[in-house]
Amino acid sequence: MSDCLFCKMVEGEIKPDMVYQDDYVFAFRDISPKAPVHILIIPKQHIETLNDLNDAGLAGHLLKTAIQLAKQEGLAEEGYRTVFNCNKNGGQEVFHLHMHLLGGRQMNWPPG
Ligand code: AMP
C-alpha cells in the first residue's frame with residue numbers, strides 16, 4: 001500500500017534498523033523502544049490488523065521468526081513478551097500487522 005509506513009520499509013523506500021527478512025516477513029528495531037530489546041516483526045504482505053490474518057502458515061511463520069529472534073537476541077532463557085495490538089482498544093497505531101518482541105527487562109502484568 002503506497003501510504004503505509006511499514007510497506008515503505010518492505011519496499012526499501014524507508015530504511016529502518018532491519019534485523020531479519022525472508023520471502024514472507026521483515027523484522028526491524030522499534031524506533032521508540034519500550035524495552036532494551038524491542039523488535040517489530042511484520043508480514044511483507046499488507047495486512048491491516050490481526051482480524052485480517054487468515055493464513056495459518058503466515059501466522060506460524062511470524063511466531064517462528066519471533067522465537068528465532070528471541071534466541072538470537074539472547075532473550076530465550078530469561079524470557080520475553082510477544083504482543084499484537086489490534087485496533088483502538090488494543091492500542092494499535094500503525095495499521096500494518098506487526099508483532100512486538102520485547103525483552104531484556106522484567107515485564108509487568110497486567111499490561112497497561
Ligand atoms: P502499535 O501501537 O502496536 O501500532 O505499534 C506501532 C509501533 O511502531 C510503535 O511501537 C512505534 O514506536 C513503531 N514505529 C513507528 N514508526 C516507526 C519507524 N519509523 N521505525 C520503527 N518503528 C516505528
# chains A, B, ... in the order shown; residues from 1 in each chain; ligands from 1

$ residues_near_ligand --ligand "ligand 1" --cutoff "6 Å" --atoms "only C-alpha atoms and all ligand atoms" --output "compact mmCIF listing (two decimals) with N, CA and C atoms, in the first residue's frame"
# COMPACT_ATOMS: atom_id res chain seq x y z
N PRO A 16 14.57 1.15 8.02
CA PRO A 16 14.64 1.00 9.47
C PRO A 16 15.89 0.21 9.84
N ARG A 29 14.09 -2.97 14.39
CA ARG A 29 14.02 -2.44 15.75
C ARG A 29 13.03 -1.27 15.81
N ASP A 30 12.23 -1.27 16.88
CA ASP A 30 11.25 -0.20 17.08
C ASP A 30 11.98 1.12 17.29
N ILE A 31 11.48 2.17 16.67
CA ILE A 31 12.12 3.49 16.75
C ILE A 31 11.99 4.09 18.15
N SER A 32 11.01 3.64 18.90
CA SER A 32 10.77 4.15 20.25
C SER A 32 10.67 2.95 21.20
N ASN A 85 -1.04 -5.65 19.00
CA ASN A 85 -2.07 -4.67 19.36
C ASN A 85 -3.08 -4.63 18.22
N GLY A 91 -4.75 -0.59 21.23
CA GLY A 91 -3.69 0.42 21.17
C GLY A 91 -2.90 0.41 19.87
N GLN A 92 -3.51 -0.11 18.79
CA GLN A 92 -2.80 -0.16 17.51
C GLN A 92 -2.68 1.23 16.90
N GLU A 93 -1.46 1.59 16.51
CA GLU A 93 -1.22 2.92 15.90
C GLU A 93 -0.86 2.81 14.43
N VAL A 94 -0.17 1.73 14.07
CA VAL A 94 0.22 1.54 12.66
C VAL A 94 -0.61 0.38 12.11

$ residues_around --residues "segment 65-74 of chain A" --least-positions-apart "6" --cutoff "9 Å" --atoms "only C-alpha atoms" --output "ChimeraX atom specification"
/A:19-20,25,27,37,39-41,80,82,99-104

$ select_by_dssp --residues "chain A" --states "alpha helix (DSSP H)" --output "JSON, numbers by chain"
{"A": [5, 6, 7, 8, 9, 10, 56, 57, 58, 59, 60, 61, 62, 63, 64, 65, 66, 67, 68, 69, 70, 71, 72, 87, 88, 89, 90]}

$ write_last_selection --atoms "C-alpha atoms" --output "short mmCIF file (atom, residue, chain, number, x, y, z; two decimals), in the first residue's frame"
data_model
loop_
_atom_site.label_atom_id
_atom_site.label_comp_id
_atom_site.auth_asym_id
_atom_site.auth_seq_id
_atom_site.Cartn_x
_atom_site.Cartn_y
_atom_site.Cartn_z
CA LEU A 5 4.77 3.29 6.62
CA PHE A 6 5.65 -0.38 7.05
CA CYS A 7 5.04 -1.16 3.34
CA LYS A 8 7.53 1.62 2.55
CA MET A 9 10.07 -0.22 4.74
CA VAL A 10 9.43 -3.52 2.97
CA ALA A 56 -2.22 -20.09 9.30
CA GLY A 57 1.10 -20.64 7.56
CA LEU A 58 1.96 -16.95 7.73
CA ALA A 59 0.79 -16.74 11.36
CA GLY A 60 3.08 -19.64 12.22
CA HIS A 61 5.95 -18.08 10.32
CA LEU A 62 5.59 -14.80 12.25
CA LEU A 63 5.74 -16.76 15.52
CA LYS A 64 8.66 -18.88 14.36
CA THR A 65 10.56 -15.72 13.42
CA ALA A 66 9.87 -14.19 16.85
CA ILE A 67 11.22 -17.31 18.57
CA GLN A 68 14.30 -17.32 16.35
CA LEU A 69 14.98 -13.61 17.00
CA ALA A 70 14.40 -14.02 20.75
CA LYS A 71 17.10 -16.72 20.76
CA GLN A 72 19.39 -14.62 18.57
CA ASN A 87 -7.48 -1.74 16.68
CA LYS A 88 -8.43 1.05 19.11
CA ASN A 89 -8.77 -0.84 22.39
CA GLY A 90 -5.64 -2.81 21.63
#

$ closest_residue --among "A:Glu11, A:Lys44, A:Cys4, A:Glu77" --to "Asp23 of chain A" --atoms "only C-alpha atoms"
A:Lys44

$ atom_distance --atom1 "atom CA of Asn51 of chain A" --atom2 "atom CA of Met1 of chain A"
17.9 Å

$ atom_distance --atom1 "atom CA of Ile42 of chain A" --atom2 "atom CA of Gly12 of chain A"
14.2 Å

$ select_by_dssp --residues "segment 30-71 of chain A" --states "strand (DSSP E)" --output "list in words"
Val37, His38, Ile39, Leu40, Ile41, Ile42 and Pro43 of chain A

$ closest_residue --among "A:His38, A:Thr49, A:Phe95, A:Ser2" --to "Asp17 of chain A" --atoms "only C-alpha atoms"
A:His38

$ closest_residue --among "A:Leu75, A:Gly112, A:Arg81, A:His98" --to "Gln45 of chain A" --atoms "only C-alpha atoms"
A:His98

$ decode --residues "segment 61-103 of chain A" --atoms "N, CA and C atoms" --output "short mmCIF file (atom, residue, chain, number, x, y, z; two decimals), in the first residue's frame"
data_model
loop_
_atom_site.label_atom_id
_atom_site.label_comp_id
_atom_site.auth_asym_id
_atom_site.auth_seq_id
_atom_site.Cartn_x
_atom_site.Cartn_y
_atom_site.Cartn_z
N HIS A 61 4.64 -18.60 10.72
CA HIS A 61 5.95 -18.08 10.32
C HIS A 61 6.32 -16.83 11.13
N LEU A 62 5.34 -15.98 11.41
CA LEU A 62 5.59 -14.80 12.25
C LEU A 62 6.06 -15.24 13.63
N LEU A 63 5.37 -16.25 14.18
CA LEU A 63 5.74 -16.76 15.52
C LEU A 63 7.12 -17.40 15.50
N LYS A 64 7.37 -18.19 14.48
CA LYS A 64 8.66 -18.88 14.36
C LYS A 64 9.80 -17.85 14.27
N THR A 65 9.54 -16.78 13.55
CA THR A 65 10.56 -15.72 13.42
C THR A 65 10.80 -15.05 14.77
N ALA A 66 9.72 -14.81 15.52
CA ALA A 66 9.87 -14.19 16.85
C ALA A 66 10.71 -15.08 17.76
N ILE A 67 10.46 -16.38 17.72
CA ILE A 67 11.22 -17.31 18.57
C ILE A 67 12.70 -17.31 18.17
N GLN A 68 12.93 -17.33 16.88
CA GLN A 68 14.30 -17.32 16.35
C GLN A 68 15.03 -16.04 16.76
N LEU A 69 14.34 -14.89 16.64
CA LEU A 69 14.98 -13.61 17.00
C LEU A 69 15.19 -13.51 18.51
N ALA A 70 14.24 -14.04 19.29
CA ALA A 70 14.40 -14.02 20.75
C ALA A 70 15.66 -14.81 21.14
N LYS A 71 15.88 -15.92 20.49
CA LYS A 71 17.10 -16.72 20.76
C LYS A 71 18.34 -15.95 20.33
N GLN A 72 18.26 -15.37 19.14
CA GLN A 72 19.39 -14.62 18.57
C GLN A 72 19.76 -13.42 19.45
N GLU A 73 18.76 -12.79 20.06
CA GLU A 73 18.99 -11.59 20.89
C GLU A 73 19.33 -11.97 22.33
N GLY A 74 19.40 -13.28 22.61
CA GLY A 74 19.77 -13.74 23.95
C GLY A 74 18.65 -13.60 24.98
N LEU A 75 17.40 -13.63 24.52
CA LEU A 75 16.25 -13.42 25.41
C LEU A 75 15.61 -14.73 25.86
N ALA A 76 15.88 -15.80 25.17
CA ALA A 76 15.07 -17.01 25.32
C ALA A 76 15.05 -17.54 26.75
N GLU A 77 16.21 -17.60 27.38
CA GLU A 77 16.26 -18.23 28.70
C GLU A 77 15.57 -17.38 29.76
N GLU A 78 15.87 -16.08 29.81
CA GLU A 78 15.27 -15.20 30.82
C GLU A 78 13.79 -14.96 30.53
N GLY A 79 13.45 -14.93 29.25
CA GLY A 79 12.06 -14.73 28.85
C GLY A 79 11.84 -13.42 28.13
N TYR A 80 10.69 -13.32 27.55
CA TYR A 80 10.35 -12.16 26.70
C TYR A 80 8.85 -12.14 26.51
N ARG A 81 8.38 -11.11 25.81
CA ARG A 81 6.94 -11.00 25.55
C ARG A 81 6.70 -10.72 24.07
N THR A 82 5.66 -11.33 23.53
CA THR A 82 5.21 -11.00 22.17
C THR A 82 3.80 -10.42 22.28
N VAL A 83 3.54 -9.39 21.48
CA VAL A 83 2.26 -8.68 21.56
C VAL A 83 1.79 -8.29 20.16
N PHE A 84 0.50 -8.52 19.90
CA PHE A 84 -0.16 -7.91 18.74
C PHE A 84 -1.17 -6.91 19.30
N ASN A 85 -1.04 -5.65 19.00
CA ASN A 85 -2.07 -4.67 19.36
C ASN A 85 -3.08 -4.63 18.22
N CYS A 86 -4.36 -4.77 18.54
CA CYS A 86 -5.38 -4.80 17.49
C CYS A 86 -6.42 -3.70 17.68
N ASN A 87 -6.48 -2.82 16.71
CA ASN A 87 -7.48 -1.74 16.68
C ASN A 87 -7.42 -0.83 17.91
N LYS A 88 -8.46 -0.04 18.12
CA LYS A 88 -8.43 1.05 19.11
C LYS A 88 -8.17 0.56 20.53
N ASN A 89 -8.95 -0.39 21.00
CA ASN A 89 -8.77 -0.84 22.39
C ASN A 89 -7.46 -1.58 22.61
N GLY A 90 -6.94 -2.14 21.54
CA GLY A 90 -5.64 -2.81 21.63
C GLY A 90 -4.47 -1.84 21.59
N GLY A 91 -4.75 -0.59 21.23
CA GLY A 91 -3.69 0.42 21.17
C GLY A 91 -2.90 0.41 19.87
N GLN A 92 -3.51 -0.11 18.79
CA GLN A 92 -2.80 -0.16 17.51
C GLN A 92 -2.68 1.23 16.90
N GLU A 93 -1.46 1.59 16.51
CA GLU A 93 -1.22 2.92 15.90
C GLU A 93 -0.86 2.81 14.43
N VAL A 94 -0.17 1.73 14.07
CA VAL A 94 0.22 1.54 12.66
C VAL A 94 -0.61 0.38 12.11
N PHE A 95 -1.35 0.66 11.05
CA PHE A 95 -2.30 -0.33 10.53
C PHE A 95 -1.70 -1.19 9.42
N HIS A 96 -0.58 -1.79 9.77
CA HIS A 96 0.05 -2.89 9.02
C HIS A 96 0.44 -3.87 10.11
N LEU A 97 -0.15 -5.06 10.06
CA LEU A 97 0.04 -6.06 11.11
C LEU A 97 1.49 -6.15 11.56
N HIS A 98 1.70 -6.16 12.88
CA HIS A 98 3.06 -6.33 13.41
C HIS A 98 3.01 -7.01 14.76
N MET A 99 4.00 -7.84 15.00
CA MET A 99 4.16 -8.46 16.32
C MET A 99 5.30 -7.75 17.02
N HIS A 100 5.05 -7.31 18.26
CA HIS A 100 6.12 -6.73 19.07
C HIS A 100 6.85 -7.88 19.76
N LEU A 101 8.18 -7.86 19.73
CA LEU A 101 9.00 -8.76 20.53
C LEU A 101 9.77 -7.89 21.51
N LEU A 102 9.46 -8.08 22.80
CA LEU A 102 10.03 -7.22 23.85
C LEU A 102 10.80 -8.07 24.84
N GLY A 103 11.97 -7.60 25.24
CA GLY A 103 12.74 -8.35 26.23
C GLY A 103 13.88 -7.54 26.79
#
